[in-house]
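Below is one structure, written out as C-alpha cells; the observations come after it.
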Amino acid sequence: QEEIAEDWLEKFSPWEVVRHDVVFPVRFFGRVEVNPDESRKWVGGEVVQALAYDVPIPGYKTKNTISLRLWEAKSCAENFNLFLFNDGQYESAAKLHSGAQQICAVLYPGDATENGKLLRLKQQFFLCSASLQDIILRFKERRSGKGSWQWSEFPSKVAVQLNDTHPTLAIPELMRLLMDDEGLGWDEAWDVTTRTIAYTNHTVLPEALEKWSQPVMWKLLPRHMEIIEEIDKRFLAMINASRPDLEHKLSSMRILDHNPQKPVVRMANLCVVSAHTVNGVAQLHSDILKAELFADFVSIWPTKFQNKTNGITPRRWLHFCSPELSNIITKWLKTDQWVTNLDLLSGLQKFADNADLQNEWASAKMANKQRLAQYILHVTGVSIDPNSLFDIQVKRIHEYKRQLLNILGAIYRYKKLKEMSPEQRKNTTPRTVMIGGKAFATYTNAKRIVKLVNDVGEVVNNDPEVNSYLKVVFVPNYNVSVAEKLIPGSELSQHISTAGMEASGTSNMKFALNGCLIIGTLDGANVEIREEIGEDNFFLFGARADEVPRLRKERENGLKSG
C-alpha cells in the first residue's frame, strides 16, 4: 500500500458548480485596532478569497436536491506583485497565490512541524469563516423582504453543528462577525451564538482532543484569541459565583490552559461551554462522556448532554452493494419499502427457518464471495477459496482498533495448523483472513502493522502445508468503493477495540446489515447491535468498559512488582 497524492483538485468533476458570484474574504494574521468607542476591528495581515463551489446532493427518490457548498482558496489579482515578477523574482511575486493554494492542496496535512500546525489551523478557520459569512448573508437576504430582521431570530433559522472539534473556530468567528461587523454587544452576540451552535464529540482519546498552542493562535487569529479569553474569563466568573464547590476543578475545566511550558486552547472545553447541546455517537460513548470526560460540566448543565447513535444508509450499504440479497429481501417481504424503512426487515424473522429462503440467502452470499475473490486476485495476485470462511477486518489502522491482536490471532492459528497432522487439518474450517485500512501519513506504528500483515501473508500463503486451510491477505487502498465489495462478501467481521475506546464505529452496522456475524468487544455501537440482533448472533469477548481501568492498574502493578 503506497501513499500517493490524489489529484482530486485537478480532476474535472461534472457535479461541481463553481459560483464566481459567491466570494468572501478570509483574513489571517494582522492585528486588532481599538476604536475610540471601544469597538474593535481586525485589520492587516493577509487576506485570501473563498470561492464557492456547489455540489448537488440528491436523496433516494426525493422530489428535491440540496447542495453542499465547498470553498476554494484564491488570491486576488492585487496580491500579485507585477514589479517583482517582471524583475524575474517569480516565487516572491506569487507568494500569496501559492499560500492560498496550499490551504486546499492536502486534506489532513501532517502537523508535526510548526508550519504544518499553522496550515491545519488555516484550513479550519478558512472553512468556518467562509461558511459563516455565507450563512449570515443568506439570513439577511431572506429576512430583508419581510421588513426589518431581528438577530434573535437567527438561531431559529440557522443551526451550526460542530462535527468534532475541527470547526470550533466557528464559535469565536460568529462572535466576531456579530460584534465587530454587525455591531451587536457581547451579551446579545453570545445569546445568538450559544443558541445556534451544537457540538458532536467523536472520541474520548486524549491525544485526539484538539489543543492549539496559544502563541500560534495569537499570531494567526489575534481577534479570536481576545474573544476566547473573554469566554474563558466569563466562564470562570460564572463558576466562582454559582458553583464555588467546583473551584478546585477549574484548572482542568477552563478553556485556556496556561501551563507555562505549553499554553494551549482546549477546543473541546470551548465547545462544551459554548454549545447549547453536546452529543456522543453511541449510547456507551455518550454515557462515558457524561461519567468521565465531561463529568464536571454535566454537574453544571445536566440537560446539555445527549446521545445520537450514528447510522448508515441502507441504500448504499445493502440495496446498492448487494443486489442479490436486496432482491431476495424484497421478494420475501413482498415490498421494497424496507429500503426507506429498515424496521420492515423484522418481517423476515418468520421465514428464518424456511429452507428455500436459506438456500437463496446462501447463494446470494456465495455470489458476493466469488465477486470478492476475483477482486482480491486482481489487486493482490493472491488466489482465495470462496468456500473458505471469509474473516474480515477493515477500518482505519489504529492501535486502539487492535489490528495487531487480529494478526497475532492469525499467527497463532498458523502455528496450530503447523502442529497438526494432515488428518487433523482436514477437520478444521478453512479460513481467509482479510485486513485492510489506511494508516495516517505520520503514524509509524500503524504502518508497521500494515507491513506485519503483509509479511505474515507472505509466509502463510506460500506454505503448501497450510495454505489450503489458512490465507492472510492485506487488502490495499481501502476506501468506500472497496468496502462495497468486501462487506457483502464477508461472513465474520472483527470489531475488537478495547472497550471504551471506539466512540461508535459504523462498519459494524454495515457488516451486520449484510448478514455477517460479528466477533467483537462491548464497545461503541456493538453494544446496541448486540441488543438488536440478539446475543446468540454476536461473538462476544474481552473486558467490559467498566472493567478496563482496574485491569490496566493490575497489569501496571504486576509489572512493577514483577
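Residue names in the C-alpha cells use chain letters A, B, ... in the order shown, residue numbers from 1 in each chain, and ligand numbers from 1 in the order shown.
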
(request) Enumerate the residues of range 49-190 of chain A with a DSSP assignment of strand (DSSP E), computed from the backbone, and present them as a list of chain:residue names. (result)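 So the strand (DSSP E) residues in range 49-190 of chain A would be A:Gln49, A:Ala50, A:Leu51, A:Ala52, A:Tyr53, A:Asp54, A:Val55, A:Pro56, A:Ile57, A:Pro58, A:Thr65, A:Ile66, A:Ser67, A:Leu68, A:Arg69, A:Leu70, A:Trp71, A:Glu72, A:Ala73, A:Lys74, A:Val160, A:Gln161, A:Leu162, A:Asn163.
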
(request) Skip Glu114 in chain A itself and residues of its chain fewer than 2 positions away, then list as a VMD selection string all residues within 12 Å of it, counting only C-alpha atoms. (result) chain A and resid 109 to 112 116 to 121 212 to 213 215 to 217

(request) Have a look at CA of Glu33 in chain A and CA of Arg223 in chain A and let me know their distance in Å, one decimal. (result)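 These atoms are spaced 9.4 Å apart.
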
(message) I'd like the contact shell of range 468-477 of chain A - 6 Å cut-off, only C-alpha atoms, skipping same-chain residues fewer than 4 positions apart - returned as a ChimeraX atom specification.
(response) /A:1,430-436,454,457,461

Within 12 Å of Glu423 in chain A, counting only C-alpha atoms, which residues show up once you throw out same-chain ones fewer than 5 positions away? Write them as a PDB file with N, CA and C atoms, in the first residue's frame, please.
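Dumped to selection35.pdb:
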ATOM      1  N   LEU A 417      -1.985 -24.899  13.110  1.00  0.00           N
ATOM      2  CA  LEU A 417      -2.142 -25.730  11.899  1.00  0.00           C
ATOM      3  C   LEU A 417      -0.849 -26.480  11.586  1.00  0.00           C
ATOM      4  N   THR A 428     -10.480 -29.003  10.226  1.00  0.00           N
ATOM      5  CA  THR A 428     -10.630 -27.574  10.549  1.00  0.00           C
ATOM      6  C   THR A 428     -11.422 -26.873   9.438  1.00  0.00           C
ATOM      7  N   GLU A 465       1.759 -26.637   3.145  1.00  0.00           N
ATOM      8  CA  GLU A 465       1.128 -27.481   4.175  1.00  0.00           C
ATOM      9  C   GLU A 465      -0.175 -26.883   4.691  1.00  0.00           C
TER      10      GLU A 465
END

(message) Which residues are near Val480 in chain A? Cut-off 12 Å, only C-alpha atoms, ignore same chain within fewer than 3 positions. Put them as a PyMOL selection string.
(response) chain A and resi 316-317+321+394-396+436-438+477+483-487+507+510

(request) To one decimal in Å, tell me the separation between CA of Tyr400 in chain A and CA of Thr429 in chain A. (result)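 Answer for the CA of Tyr400 in chain A to CA of Thr429 in chain A separation: 28.8 Å.
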
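Closest approach to Trp42 in chain A among A:Asp54, A:Lys74, A:Glu226, A:Met420: A:Glu226, based on only C-alpha atoms.
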
(request) From a DSSP pass on the backbone, collect the residues of range 488-525 of chain A flagged as helix (DSSP H, G or I) and hand them back as a list of chain:residue names. (result)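 Put together, the selection reads A:Pro488, A:Gly489, A:Ser507, A:Asn508, A:Met509, A:Lys510, A:Phe511, A:Ala512, A:Leu513.
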
(request) May I ask which of the residues A:Asn201, A:Asp353, A:Val453, A:Cys104 is the closest one to Asn406 in chain A, counting only C-alpha atoms? (result) A:Val453

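What separates CA of Leu220 in chain A from CA of Pro36 in chain A is a distance of 24.8 Å.
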
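Distances to Leu284 in chain A were evaluated for A:Ala545, A:Val456, A:Ile411, A:Leu256 using only C-alpha atoms, and the minimum falls at A:Ala545.
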
(request) Quick one: everything within 10 Å of Trp332 in chain A, counting only C-alpha atoms, minus sequence neighbours fewer than 5 positions away in the same chain. Send it as a list of chain:residue names. (result) A:Asn327, A:Gly347, A:Leu348, A:Phe351, A:Leu357

(message) Need to verify the contact set: Ser286 in chain A, 7 Å, only C-alpha atoms, exclusion of same-chain residues closer than 5 positions in sequence. Can you return it as a list in words?
(response) Asn279, Gly280, Val281, Gln306 and Asn307 of chain A

Determine, for each residue of range 390-434 of chain A having at least one atom at most 9 Å from an atom of range 494-504 of chain A, the closest pair of atoms and their separation in Å to one decimal, counting only C-alpha atoms; order by chain and ascending number, as JSON lines.
{"residue": "A:Asp391", "atom": "CA", "partner": "A:Gln494", "partner_atom": "CA", "distance": 7.5}
{"residue": "A:Ile392", "atom": "CA", "partner": "A:Gln494", "partner_atom": "CA", "distance": 6.3}
{"residue": "A:Gln393", "atom": "CA", "partner": "A:Gln494", "partner_atom": "CA", "distance": 5.1}
{"residue": "A:Val394", "atom": "CA", "partner": "A:Gln494", "partner_atom": "CA", "distance": 8.2}
{"residue": "A:Glu399", "atom": "CA", "partner": "A:Ser497", "partner_atom": "CA", "distance": 8.6}
{"residue": "A:Tyr400", "atom": "CA", "partner": "A:Ser497", "partner_atom": "CA", "distance": 5.5}
{"residue": "A:Lys401", "atom": "CA", "partner": "A:Ser497", "partner_atom": "CA", "distance": 4.3}
{"residue": "A:Arg402", "atom": "CA", "partner": "A:Ser497", "partner_atom": "CA", "distance": 5.8}
{"residue": "A:Gln403", "atom": "CA", "partner": "A:Ile496", "partner_atom": "CA", "distance": 8.2}
{"residue": "A:Leu405", "atom": "CA", "partner": "A:Ile496", "partner_atom": "CA", "distance": 8.4}
{"residue": "A:Asn406", "atom": "CA", "partner": "A:Gln494", "partner_atom": "CA", "distance": 8.0}

Take the residues from that selection and write them out as a PDB file, in the first residue's frame, keeping C-alpha atoms.
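again.pdb, written as the output of this step:
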ATOM      1  CA  ASP A 391     -12.980 -13.315   8.117  1.00  0.00           C
ATOM      2  CA  ILE A 392     -12.611  -9.559   7.532  1.00  0.00           C
ATOM      3  CA  GLN A 393     -11.358  -6.542   9.468  1.00  0.00           C
ATOM      4  CA  VAL A 394     -11.408  -3.281   7.519  1.00  0.00           C
ATOM      5  CA  GLU A 399      -3.619   0.814  17.906  1.00  0.00           C
ATOM      6  CA  TYR A 400      -6.938   1.063  19.780  1.00  0.00           C
ATOM      7  CA  LYS A 401      -8.720  -0.808  16.952  1.00  0.00           C
ATOM      8  CA  ARG A 402      -6.283  -3.688  17.595  1.00  0.00           C
ATOM      9  CA  GLN A 403      -5.478  -4.943  14.105  1.00  0.00           C
ATOM     10  CA  LEU A 405      -4.463  -8.505  18.063  1.00  0.00           C
ATOM     11  CA  ASN A 406      -6.148  -9.854  14.933  1.00  0.00           C
TER      12      ASN A 406
END
